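As structure tokens, the structure follows; a few thoughts come after it.
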Amino acid sequence: MSDIIKANGFTNETLEWDAWLDVIQLDHASEDQVKVLEESHPKAKTSDYYLFLAHQPDILRQRSAAFNAIMYAPGGLSRAERELGSLVVSRINGCVYCASVHAQRFEQLAKRNDTVKQVFDSPYGAGVDAREQAVAKFSAELTETPGEIGAAQIKALYDVGLSELEVLDLIHSVAIFAWANRLMLNLGEPVFADGSRAEA
């Protein structure tokens, strides 16, 4: 990992997430619950997040399919820019856990962390060039004032070179984490490796 960043309660350190409600116990899980955990993520069987969502295996299966299509589908917006949009929405919503995950992913993909520090300081204006700045600004606006997004905001993305498909990918990335942030903020808490709480 790159240098550790801590700013305004956010960090690029690896965090865990502890559910406040009961998670499924693998030795009592149904065949379908075990199957959906194996389908969802390599670490799903040890993650409170997945062990909680596996109470409803069909919903978890649909969530994982949507997430994978939005964040990993080939073509369209770059992976790093999808992570940047997700980082911005997580920062604005105060989801310390999600922000740490997307900060790390952005750093891995972009091979730098300057934009991460900028997002932690202030999502508006973050970015090392006009395109990154436009992605961050749009993500912030869509998160805070979705009803005010219109032709002018879309045009600002076109003006820095985003295609229609890339704009759609960015909207989807912000939208899925607007949902995921609220789920994680209401059902558990982020913790450091030593067990101490991590909160903005």
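In the structure tokens, each chain is lettered A, B, ... as it comes, each chain's residues begin at 1, and ligands are numbered from 1 in order of appearance.
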
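Taking the backbone of this structure through DSSP, the residues of stretch 76-193 of chain A that come out as strand (DSSP E or B) are Gly188, Glu189, Pro190 and Val191 of chain A.
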
Task: Filtered DSSP result for stretch 4-81 of chain A, state helix (DSSP H, G or I), as an MDAnalysis selection string - done: chainID A and resid 26:28 31:40 44:46 48:53 57:72 79:81

Task: Using only C-alpha atoms: which of A:His41, A:Tyr97, A:Ala175, A:His28 has the shortest distance to A:Arg197 - done: A:Tyr97

Open item on the list: Residues within 9 Å of A:Phe192, please, as a PyMOL selection string. Count only C-alpha atoms; anything in the same chain fewer than 2 positions from it doesn't count.
Closed with: chain A and resi 13-17+190+194-198

A:Pro123 environment, 10 Å, only C-alpha atoms, sequence neighbours closer than 5 positions dropped, as a PDB file with N, CA, C and O atoms, in the first residue's frame:
ATOM      1  N   LEU A  84     -12.950   6.563  -8.223  1.00  0.00           N
ATOM      2  CA  LEU A  84     -12.956   7.956  -7.788  1.00  0.00           C
ATOM      3  C   LEU A  84     -14.384   8.423  -7.496  1.00  0.00           C
ATOM      4  O   LEU A  84     -14.638   9.052  -6.460  1.00  0.00           O
ATOM      5  N   GLY A  85     -15.314   8.130  -8.389  1.00  0.00           N
ATOM      6  CA  GLY A  85     -16.707   8.493  -8.131  1.00  0.00           C
ATOM      7  C   GLY A  85     -17.229   7.860  -6.860  1.00  0.00           C
ATOM      8  O   GLY A  85     -17.908   8.511  -6.049  1.00  0.00           O
ATOM      9  N   LEU A  87     -15.429   6.843  -4.310  1.00  0.00           N
ATOM     10  CA  LEU A  87     -14.722   7.467  -3.184  1.00  0.00           C
ATOM     11  C   LEU A  87     -15.389   8.779  -2.790  1.00  0.00           C
ATOM     12  O   LEU A  87     -15.601   9.052  -1.605  1.00  0.00           O
ATOM     13  N   VAL A  88     -15.739   9.586  -3.775  1.00  0.00           N
ATOM     14  CA  VAL A  88     -16.366  10.876  -3.486  1.00  0.00           C
ATOM     15  C   VAL A  88     -17.705  10.697  -2.781  1.00  0.00           C
ATOM     16  O   VAL A  88     -17.966  11.342  -1.754  1.00  0.00           O
ATOM     17  N   VAL A  89     -18.557   9.830  -3.290  1.00  0.00           N
ATOM     18  CA  VAL A  89     -19.864   9.650  -2.655  1.00  0.00           C
ATOM     19  C   VAL A  89     -19.698   9.094  -1.249  1.00  0.00           C
ATOM     20  O   VAL A  89     -20.406   9.511  -0.316  1.00  0.00           O
ATOM     21  N   ARG A  91     -17.123   9.558   0.757  1.00  0.00           N
ATOM     22  CA  ARG A  91     -16.594  10.652   1.585  1.00  0.00           C
ATOM     23  C   ARG A  91     -17.722  11.599   1.997  1.00  0.00           C
ATOM     24  O   ARG A  91     -17.842  11.981   3.165  1.00  0.00           O
ATOM     25  N   ILE A  92     -18.570  11.977   1.070  1.00  0.00           N
ATOM     26  CA  ILE A  92     -19.651  12.914   1.373  1.00  0.00           C
ATOM     27  C   ILE A  92     -20.659  12.295   2.334  1.00  0.00           C
ATOM     28  O   ILE A  92     -21.139  12.956   3.263  1.00  0.00           O
ATOM     29  N   THR A 115      -4.878  12.420  -5.401  1.00  0.00           N
ATOM     30  CA  THR A 115      -6.301  12.725  -5.503  1.00  0.00           C
ATOM     31  C   THR A 115      -7.064  12.220  -4.280  1.00  0.00           C
ATOM     32  O   THR A 115      -8.032  12.851  -3.846  1.00  0.00           O
ATOM     33  N   VAL A 116      -6.623  11.108  -3.708  1.00  0.00           N
ATOM     34  CA  VAL A 116      -7.274  10.582  -2.503  1.00  0.00           C
ATOM     35  C   VAL A 116      -7.206  11.603  -1.376  1.00  0.00           C
ATOM     36  O   VAL A 116      -8.207  11.909  -0.719  1.00  0.00           O
ATOM     37  N   LYS A 117      -6.026  12.166  -1.146  1.00  0.00           N
ATOM     38  CA  LYS A 117      -5.866  13.184  -0.099  1.00  0.00           C
ATOM     39  C   LYS A 117      -6.771  14.377  -0.369  1.00  0.00           C
ATOM     40  O   LYS A 117      -7.400  14.929   0.534  1.00  0.00           O
ATOM     41  N   GLN A 118      -6.867  14.771  -1.630  1.00  0.00           N
ATOM     42  CA  GLN A 118      -7.719  15.907  -1.987  1.00  0.00           C
ATOM     43  C   GLN A 118      -9.187  15.606  -1.695  1.00  0.00           C
ATOM     44  O   GLN A 118      -9.909  16.466  -1.179  1.00  0.00           O
ATOM     45  N   GLN A 133     -11.187  16.357 -12.018  1.00  0.00           N
ATOM     46  CA  GLN A 133     -11.945  17.370 -11.289  1.00  0.00           C
ATOM     47  C   GLN A 133     -13.420  17.334 -11.674  1.00  0.00           C
ATOM     48  O   GLN A 133     -14.299  17.465 -10.819  1.00  0.00           O
ATOM     49  N   ALA A 136     -15.014  14.208 -10.070  1.00  0.00           N
ATOM     50  CA  ALA A 136     -15.227  14.410  -8.630  1.00  0.00           C
ATOM     51  C   ALA A 136     -16.372  15.386  -8.379  1.00  0.00           C
ATOM     52  O   ALA A 136     -17.241  15.133  -7.524  1.00  0.00           O
ATOM     53  N   LYS A 137     -16.401  16.487  -9.098  1.00  0.00           N
ATOM     54  CA  LYS A 137     -17.442  17.506  -8.907  1.00  0.00           C
ATOM     55  C   LYS A 137     -18.821  16.934  -9.226  1.00  0.00           C
ATOM     56  O   LYS A 137     -19.781  17.116  -8.467  1.00  0.00           O
ATOM     57  N   PHE A 138     -18.936  16.224 -10.350  1.00  0.00           N
ATOM     58  CA  PHE A 138     -20.220  15.639 -10.716  1.00  0.00           C
ATOM     59  C   PHE A 138     -20.670  14.618  -9.671  1.00  0.00           C
ATOM     60  O   PHE A 138     -21.839  14.578  -9.287  1.00  0.00           O
ATOM     61  N   SER A 139     -19.743  13.795  -9.209  1.00  0.00           N
ATOM     62  CA  SER A 139     -20.081  12.780  -8.200  1.00  0.00           C
ATOM     63  C   SER A 139     -20.583  13.436  -6.922  1.00  0.00           C
ATOM     64  O   SER A 139     -21.531  12.962  -6.297  1.00  0.00           O
ATOM     65  N   ALA A 140     -19.943  14.531  -6.541  1.00  0.00           N
ATOM     66  CA  ALA A 140     -20.372  15.262  -5.344  1.00  0.00           C
ATOM     67  C   ALA A 140     -21.756  15.868  -5.547  1.00  0.00           C
ATOM     68  O   ALA A 140     -22.636  15.784  -4.669  1.00  0.00           O
ATOM     69  N   GLU A 141     -21.968  16.472  -6.696  1.00  0.00           N
ATOM     70  CA  GLU A 141     -23.266  17.098  -6.975  1.00  0.00           C
ATOM     71  C   GLU A 141     -24.376  16.054  -7.040  1.00  0.00           C
ATOM     72  O   GLU A 141     -25.479  16.276  -6.503  1.00  0.00           O
TER      73      GLU A 141
END

Task: Shell of 8 Å around A:Val160, only C-alpha atoms, local chain residues under 2 positions omitted, as a count of residues only - done: 7

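Of the residues under consideration (A:Leu185, A:Ala126, A:Ala178, A:Ala103), A:Ala103 shows the shortest atom-to-atom contact distance to A:Asp3 when counting only C-alpha atoms.
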
Task: Using only C-alpha atoms: which of A:Ile5, A:Ala54, A:Ser40, A:Asn68 has the shortest distance to A:Ile24 - done: A:Ala54

- [ ] Give me the residues within 12 Å of stretch 42-46 of chain A as a VMD selection string, counting only C-alpha atoms and dropping any in the same chain fewer than 6 places off.
- [x] chain A and resid 16 to 18 23 to 27 29 33 to 36 52 to 54 60 64

Open item on the list: So the first atom is atom CA of A:Trp20 and the second is atom CA of A:Leu187; what is the distance between them in Å, to one decimal place?
Closed with: 5.8 Å

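The residue that comes closest to A:Leu168, out of A:Met184, A:Leu51, A:Ile70, A:Ala152 and on the basis of only C-alpha atoms, is A:Ile70.
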
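Pairwise distance (atom CA of A:Ser173, atom CA of A:Met71) equals 6.7 Å.
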
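The nearest approach to A:Phe106 among the residues A:Glu31, A:Asp22, A:Glu132, A:Glu38, with only C-alpha atoms taken into account, belongs to A:Glu132.
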
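Comparing A:Gly94, A:Gly147, A:Gly9, A:Gly76 by their smallest distance to A:Phe177, the closest is A:Gly94 (using only C-alpha atoms).
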